[in-house]
Structure formats: structure tokens, C-alpha cells
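The block underneath contains the structure these notes are about, expressed in C-alpha cells.
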Amino acid sequence: MKDIIVPKDELFVTGLILILVSFFFYCVPFMTSVSPDTGGLFMCNYLIAAAYFVVLLITKRLKKGRQGLIPFFFFLILLLISAYSLNREMVVFESTVPWFAWLQIILCANYIAFAFFDRMPLWVQHVMTFLLGIAIVAFAYISIYLLPTYIISIIISFVLGISMHSFVGILFIIYTLVLLKKLLANKQAFMVSFLSGAGASVMLIIVFVVRWTLLTQDINTNYRQATVRESAGWPAWITMAQTTPHNLFTEKILKTELVYSTGWNIDEALWRVPSRNFDEEKKHDPLVVIANLFSGRVNLSEEDKIKLLESMHDSRHQAQERLWSGDDLFTEHINTLVRIWPQFGISYTEKVITVSNVAAKGSWSGRQEEGIYTFHLPEGGVATSLSLWIEGKESKSILTTKQKADSAYKQIVGRERRDPSVLHWQEGNTISVRVFPVLAGESRKFKVGVTAPLTRESGRMKYENIWFDGPSFSNAKEDISLQFQQTPKDFISPTVLKPTSHLGFTRSGKYNPSWNIELADEPLSREAFCYEGKQYNVRPYQKQYEPATLNTVYLDVNKSWSKDEFDSVYNALKEQRVFVFTNQLVQVTRTNKESLFNNLHQLQFSLFPVYLIENTNTSLLVSKSSAVSPNLKDLAGSEFLQHVKSSMQDGKRLKFFNLGTTLSPYLKTLKEYRAFQYSHGIAGDLKKLIARQEFVKDQESESQVVIDNADIAIVRDSCTQSSAAPDHLMRLFAYNNIMRKMGARFTGEEKDNDELVAAAQQAYVVSPVSSMVVLETQQDYERFNINDSKNSLSNASQKSNGAVPEPHEWALIIIACFVLLYIKFRPVKKNIVK
């Protein structure tokens, strides 16, 4: 083994140091805002590898008998780092999945450790040889994958030898076999360890490929059956999503070609054309590539794949329509400003976000990109402000119809390429914000404001951070400023907040999307906010019950239900007819309930056709669901959605009991549209309601909206006098009142929504019919006929507080001002001495 061991000379130490230095340069983009495709970083990696190779030649360490094998592995490791650095500029491998990246790091460390092989215990030597077996398989894959590049690499090898990076895999294989030969010359038992490592790798690949192939066949079979099977009028992909397992394998199969590459593509290597259909970084997973060679591909269109990912794996943000790429964007900084009114049970949050483009200035690939963010709001919350910084100055948004805002943004971004931003309402308590352009090497800043209630549970109030999906925030910093408008009681915060004053707290550090605070519940203030002759105040919401004749109960059964829950609910319904939906309504009896439950329990989610419930006055729908399902937008154009819309137009609410607090996106949107007379609890609570023949009373009207998760009701009445309540009460009332009316007007006809648009403009709230838009100049607003309402609250802000004076109050204020001015500047009579 002496011909393997490297003496402790300067060349060995130098190689070790150079590997660390080269790896540091490679990792610079992960630690800073330097663009990954900056040519300077590659040249650093390449020159280090080339310099070390030249030193090996000059010192003649590569000659036989000079113990040059380990130093040559040092050179191969440097060349491997350089190859991945070059890959950032000319993409052959897409972004390597973490497991394969870590595997290569471990294998390279193992090669370095062979310098001390003789000093290792025997069991460690066998482990190192086992890893050599894995290495031979890993680098064989790399060599085969790069096979199409060999001819062109040889032809252009005279250009600084850069194309020789293609042969790094083959070189690793050759010299791994040389190393193995030397090991076996000393002890033949190492062959067992080597073959075990190689065999285990091959066996893992075979198991993965077999499972991948079987699941691919199942998906194709399910899809074929779904296209011919009778359904409730929804697309075939929904039936498939119900019956396909929701796991990591399924997700990877659906993301094949959208996210996971299936082979080397010369067009993408030369031109680096980004995929704009699914906003997730392209990845290279060797197991996926190999599996696709043997299993074939799923027989789904790209559109259906995206729909399945949206509904099965909560990928709606990634699937949003994109006008420009956002591949080089990252979220650099978040400034969070929070005001909480414990006495009103509400909050206002502003997020000032800096999004940056790491592409080098002047580069073609990232010269201008589009930033897209999805913000997740608490139930009942609403977006109330939007700003975009243009040439260093904050430009506030104008609220207009959704159609006008969307048209203006697409026209400017798609054709004129100037500075707009737009904020749209989305289903499932989310909003989307688009910012354009974010230029290469530069940053953009925008602000979003959200008014939301504090949730209440077990005598405590909770504020939850407004979190978002968007450009990577893994290295983002956040500054939080929290200001109470009244002394909080029993204040608890998992996040480390430093007090700055009696009512103020701050925190600075790495961005944390999931922080929240809790405080003791407090009596609600009776103060009101007055505007245009109307006042808005908040009152405690207490459930009231009314007699309910429940003759028919419908069970919305899926995988979320347990057998005990199903049996408990069914046994409580002795005097009611019970139905479930299995592509048609089926009455549940003692004889068929077991088989019905077993069949329905296989469904990953359910979409109960509420339109089949004829008499809403005497019917009850009982449901339990997970947070994953299609939403109403996914059903656009289907007969199912048309029937749902028609059933909601009479304004009658269906009695709905939720087993738990989680709602699927489908049910959550229907609840937002006030399709339900809603209550929730456990099976025992439902049994009590059925036994007493009563149900929760609908307390909403033109003058009152209910936010049940916050246990508050906001009431609108005639204004008697101004007080110090925040204008956010009016904003929350307007939004929830719009949503209450949207259900009965759920037709999509713009002409039917004029009244709702006017209400949204007055309170300045984003809704299904209204959006916020920022354009670069006043001429842009005029061109698209976007006018700011003169009779509105305008964009919410941290400074807005208290009531807006009424007209007669303005008159008194003006008169008082004139009196003060007269007193100050009136002529002074001089005393005349006679």
C-alpha cells in the first residue's frame, strides 16, 4: 500500500487547501447575492484545477512509482468542482438534487481519506472500499449521461481545454479501478466490500425503477378510466386526482419534464430557455432520468399535469401564469410593520419587500424578470394597500376593476416593458402580487398592506404573520416592528421581540415565515368609525341557535374521515335519511354502509355536488376534509361548476357542519361566498344539535357581517358622532359584505358587479371584483381609463387612525381655522395721543 499513501509533503497540503478554496468559490452564490452564472467564478475554479495539474506535471508526481494517485484524485476533485461551475453557464445538468450533491461530496471526501488508508481500522477500510463501489456506479451514470458531448468536446478541446470537463466522469472510473487494483493486491477481501457497494447501488436503482414504472402505469390506467367513467360533470383529471396516492413518487412523476429533466437537451444547453409553465427550478435527479428510460411517460398533457399538482400538492403559486421568467430572483429583505388593536380584535400589517435579480448586469438571460408573490391571509382578512417604488419614490396604487387592472398590467409588461405592479384576490384566503421589471443586478421594492381580524380560541387572541410564497427567501433578512394601540394583557410571543417602548417591540434577524403572538382576550371597545353618514363598530359574536327540522343528512366522506367518526355520525341519525355521493346520491343503510365507507375512504379528497341538495331548509351537509383539493377556479368551464353557480343564485344557505376546523380549498371558497350556514366541532357536538333539532342561526345582513374564526361581528349603522376607532373596521365590513353578496351573484357577469365594485372602491379593499394597480405615469392611468375614486378611504397606511370627519364637522373645522387666522392677523388699533 505504500504506492498509494502520500507523504506529508507540500503538494498534498496544497491540494487539500486548493480543494477548500475552489469549493468556497463555488459556494459564493449560495452565501451572497453574486449571480451563479458569473463567469469570473468559473474561471477561478478552472484556473485552480489547471494550476494544480501543471504543478503535478512539473513535479513529475504522475510518473509511475512517484505516489501520484492520490494527488491526481485531488486534481479530479478540482476538475469536478470546475465542471459544475461551468454547468451554471452552459447547462448540461440541471440543478442537482440535494441527495446526489451530498453523495458526490461524500465520495470525494472518501477519495481524500485514502491518503490515510493504512492508518484506518479494518472496518473503516471496508467502509471506504464500499463507498468506492458506490462511486463507480455514480460516475458511470455521469459518464453515460455526458456521452452526447464527447465528440464536440474533443473537436473544441483546443479552446483552453475547457471542453475536457466532459470527461471527468470517465477519468474517475478509470482511476477508481486503478485504486481498486492496488487495494486488491494487498487484500482480496476488499473486493467483497467493493462489489457490495456497487451491488447495493444497482439494487436501489432497480427498486426505484420498478416502483416508478408501476405507479406510472397506474396513473395512465386511472386516467384512461377517468376519461370514460361517468362523473359529476368535472374534468377527468379530478377523478384521477381523487384516486391517485398523494406521495413523493406521484409528485415527482407529475413534475417530470416540468421540473425534473429526463435527459440531455442540446437546445437548453446552448440557449438556456426557461420554462414558464411551472415556476420551480429545473432539477436533475439521476433516479428520475434512469426510471424514465424504462417506464415510459405518463399520458397526460402539460396542462393536466399542472392541474393535478395544483390540487394534489398545493402548487398553485408555481403554476401561476407568467409573462416573464423569474429564475434569477430572490427575496433579499422584508420589513414587517404591525399595528394591533386588542380592544377591537383587529390588526394591520405592512410588508415592505425587496426583491433582487442576481443575474450579472448586461447578461441576456436575466436582464429583466417578473417577480410573483402569493400572500396567505387569515380568514376574513383583506388586502388594503399596495405601493411600488419607482425611481426611488413610493408610488401608491389605485383600486379599480379586476379586468382593467389585469389588462393594463399585461399590456405594459407584455409589450411596453415599463414599471407596473398589480395585486389580485385569489381563492383560499390568498392574494397575488406581480412586480415588473426587476433588472439584472438590481432590486425592486414594493409594499403590501393587509387588514385582518385576530383569531380567538380558548379565551385568547392570536395574531398570525402574513406569510408568502415567492422568489427564494432562504437568505432573507427581516426587520419586525410591532406596535400595540392598547396595553396587551398576558402577551406571549415565540419570536424573540425586544421592547422599544411601553407598547412597541422589534426584532431583526433571519426571515421566519411562521411566527405568531398571543394575548389574553379583552372586552371589545364600543367606539365606532364614521364615514359618509355611516358608523362601523365591532361586537362580540355569539352563536345563536334556531329550530331546525333536519329530515335529510348528506355525508361528504373521503380519506379524512375515520371509521369511528363515520359510525358515530351515522348512528346519531336514526330518524333522518342519510346519503353519500358516489357519482350519484346513494342512501346509506345498515347493509351497505360498510362498503360505501370503504370505497369513499379511498378518495384523497371529495367535491360534494351541493346543487343536488334540493331542500336546503331541511337538509344538512356534514363534511371533513384536508387542506388539499381543487378550487372553484380549477373547475372553470365544467358542467359541475355551472350547476354549483346556479344553485347559489337564490341566496339560500345550506346548513353545513364541519368535523374539525380545516376546510378544503373547494369548501373554503364556498364558505367565503356565504354558501353555507356554517358550524364546526366534533362528532359529539353534531349529535347534540341533531338531538335538539336546532342549528346555528345566520346572523349576517346588510348591516352586519360575521367573522366566526375571530368571534366578532362588525355592525354598520347611522353615524351619531365621531370616535377614535380605526378605519379598518369599515374595510373589514366592506370586504366581508362583498363576499356575502358574491355568492348570489356568482355569475361572472361584470355588469352584475357594479354595486360591489363601488363598495370596494369606497373602502379600498381587494376582492373578486376589484384589484390594485400601480402604473408608471398619470398618462398610463388615463390611457386605461383607471381613475381613483374621490370618495374613498384610499390606501391604508400605518398612519391612518380614527374617524374621518363628517361634512358638518369639516365645516366647523374650517370656521374655527378662519377665526384663528382672523385673531392672529387682525389689524391692531394704535393709540393716538392728542
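Within each chain, counting starts at residue 1; across the C-alpha cells, chains are named A, B, ... in the order shown, with ligands numbered 1 upward in that order.
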Exercise. Using only C-alpha atoms, which residues sit within 6 Å of Gln535 (chain A) once same-chain residues fewer than 2 positions away are excluded, as a list in words?
Worked result: Ala528, Phe529, Cys530, Arg716, Asp717, Ser718 and Cys719 of chain A
Writing out the chosen residues with C-alpha atoms as an mmCIF file, in the first residue's frame:
```cif
data_model
loop_
_atom_site.group_PDB
_atom_site.id
_atom_site.type_symbol
_atom_site.label_atom_id
_atom_site.label_comp_id
_atom_site.auth_asym_id
_atom_site.auth_seq_id
_atom_site.Cartn_x
_atom_site.Cartn_y
_atom_site.Cartn_z
ATOM 1 C CA ALA A 528 -67.027 53.449 16.121
ATOM 2 C CA PHE A 529 -65.513 54.648 12.874
ATOM 3 C CA CYS A 530 -67.679 57.149 10.977
ATOM 4 C CA ARG A 716 -72.955 49.250 10.198
ATOM 5 C CA ASP A 717 -75.380 51.870 11.457
ATOM 6 C CA SER A 718 -76.166 55.559 11.121
ATOM 7 C CA CYS A 719 -73.366 57.759 12.398
#
```
Exercise. Tell me, which residues of region 467-598 of chain A carry DSSP helix (DSSP H, G or I), written as an MDAnalysis selection string?
Worked result: chainID A and resid 563:572 593:598
For this session: Measuring atom to atom with only C-alpha atoms, identify which of A:Val448, A:Leu454, A:Val578, A:Leu621 is nearest to Leu519 (chain A).
Result: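 Of the candidates, the smallest distance to Leu519 (chain A) is held by A:Leu454.
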Tell me which protein, DNA and RNA residues are within 12 Å of Lys187 (chain A), counting only C-alpha atoms, leaving out same-chain ones fewer than 5 positions away, and put them as an mmCIF file with C-alpha atoms, in the first residue's frame.
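Result file follows (part.cif):
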```
data_model
loop_
_atom_site.group_PDB
_atom_site.id
_atom_site.type_symbol
_atom_site.label_atom_id
_atom_site.label_comp_id
_atom_site.auth_asym_id
_atom_site.auth_seq_id
_atom_site.Cartn_x
_atom_site.Cartn_y
_atom_site.Cartn_z
ATOM 1 C CA MET A 1 0.000 0.000 0.000
ATOM 2 C CA ASP A 118 -3.240 2.222 6.145
ATOM 3 C CA LEU A 122 -10.065 -2.642 9.219
ATOM 4 C CA GLN A 125 -11.192 0.341 5.327
ATOM 5 C CA HIS A 126 -14.108 -1.867 4.298
ATOM 6 C CA THR A 129 -13.998 0.365 -0.221
ATOM 7 C CA LEU A 180 -9.099 -0.824 -6.525
ATOM 8 C CA LYS A 181 -6.366 -2.883 -8.218
ATOM 9 C CA LYS A 182 -3.811 -1.613 -5.734
ATOM 10 C CA VAL A 192 -16.438 -8.086 -1.391
ATOM 11 C CA SER A 193 -16.830 -4.582 0.042
#
```
Problem set entry | Residues within 12 Å of Val137 (chain A), only C-alpha atoms, excluding chain neighbours under 3 positions, as JSON, numbers by chain | {"A": [103, 104, 107, 130, 131, 132, 133, 134, 140, 141, 142, 143, 144, 169, 170, 172, 173, 176, 177, 194, 195, 196, 197, 198, 199, 200, 201, 202, 203, 204, 205, 286]}
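Candidate residues A:Leu79, A:Leu550, A:Leu635, A:Val352 were compared for distance to Thr616 (chain A), and the nearest is A:Leu550, using only C-alpha atoms.
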Nearby residues (only C-alpha atoms) at most 8 Å from Ala83 (chain A), same-chain spacing under 2 positions excluded, as a CSV table (one decimal) with N, CA, C and O atoms, in the first residue's frame:
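Generated output (selection39.csv):
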```csv
chain,number,residue,atom,x,y,z
A,79,LEU,N,-11.3,19.3,-10.8
A,79,LEU,CA,-12.0,19.4,-12.1
A,79,LEU,C,-13.5,19.2,-12.0
A,79,LEU,O,-14.2,19.8,-12.7
A,80,LEU,N,-13.9,18.3,-11.1
A,80,LEU,CA,-15.4,18.1,-10.9
A,80,LEU,C,-16.0,19.4,-10.4
A,80,LEU,O,-17.1,19.8,-10.9
A,81,ILE,N,-15.4,20.1,-9.4
A,81,ILE,CA,-16.0,21.4,-8.9
A,81,ILE,C,-16.0,22.4,-10.1
A,81,ILE,O,-17.0,23.1,-10.3
A,85,SER,N,-19.2,24.3,-11.9
A,85,SER,CA,-19.2,25.7,-12.0
A,85,SER,C,-19.5,26.1,-13.5
A,85,SER,O,-20.3,27.0,-13.7
A,86,LEU,N,-18.9,25.4,-14.4
A,86,LEU,CA,-19.1,25.7,-15.8
A,86,LEU,C,-20.6,25.4,-16.2
A,86,LEU,O,-21.2,26.0,-17.0
A,87,ASN,N,-21.2,24.4,-15.6
A,87,ASN,CA,-22.5,24.0,-15.8
A,87,ASN,C,-23.5,25.1,-15.6
A,87,ASN,O,-24.7,25.1,-16.1
A,165,HIS,N,-13.9,19.1,-19.5
A,165,HIS,CA,-14.7,18.8,-18.3
A,165,HIS,C,-15.6,17.7,-18.6
A,165,HIS,O,-16.0,17.0,-17.6
A,166,SER,N,-16.0,17.4,-19.8
A,166,SER,CA,-17.0,16.4,-20.1
A,166,SER,C,-16.4,15.0,-19.7
A,166,SER,O,-17.2,14.1,-19.5
A,168,VAL,N,-14.6,14.1,-17.1
A,168,VAL,CA,-14.3,14.0,-15.6
A,168,VAL,C,-14.9,12.7,-15.1
A,168,VAL,O,-14.2,12.0,-14.3
```
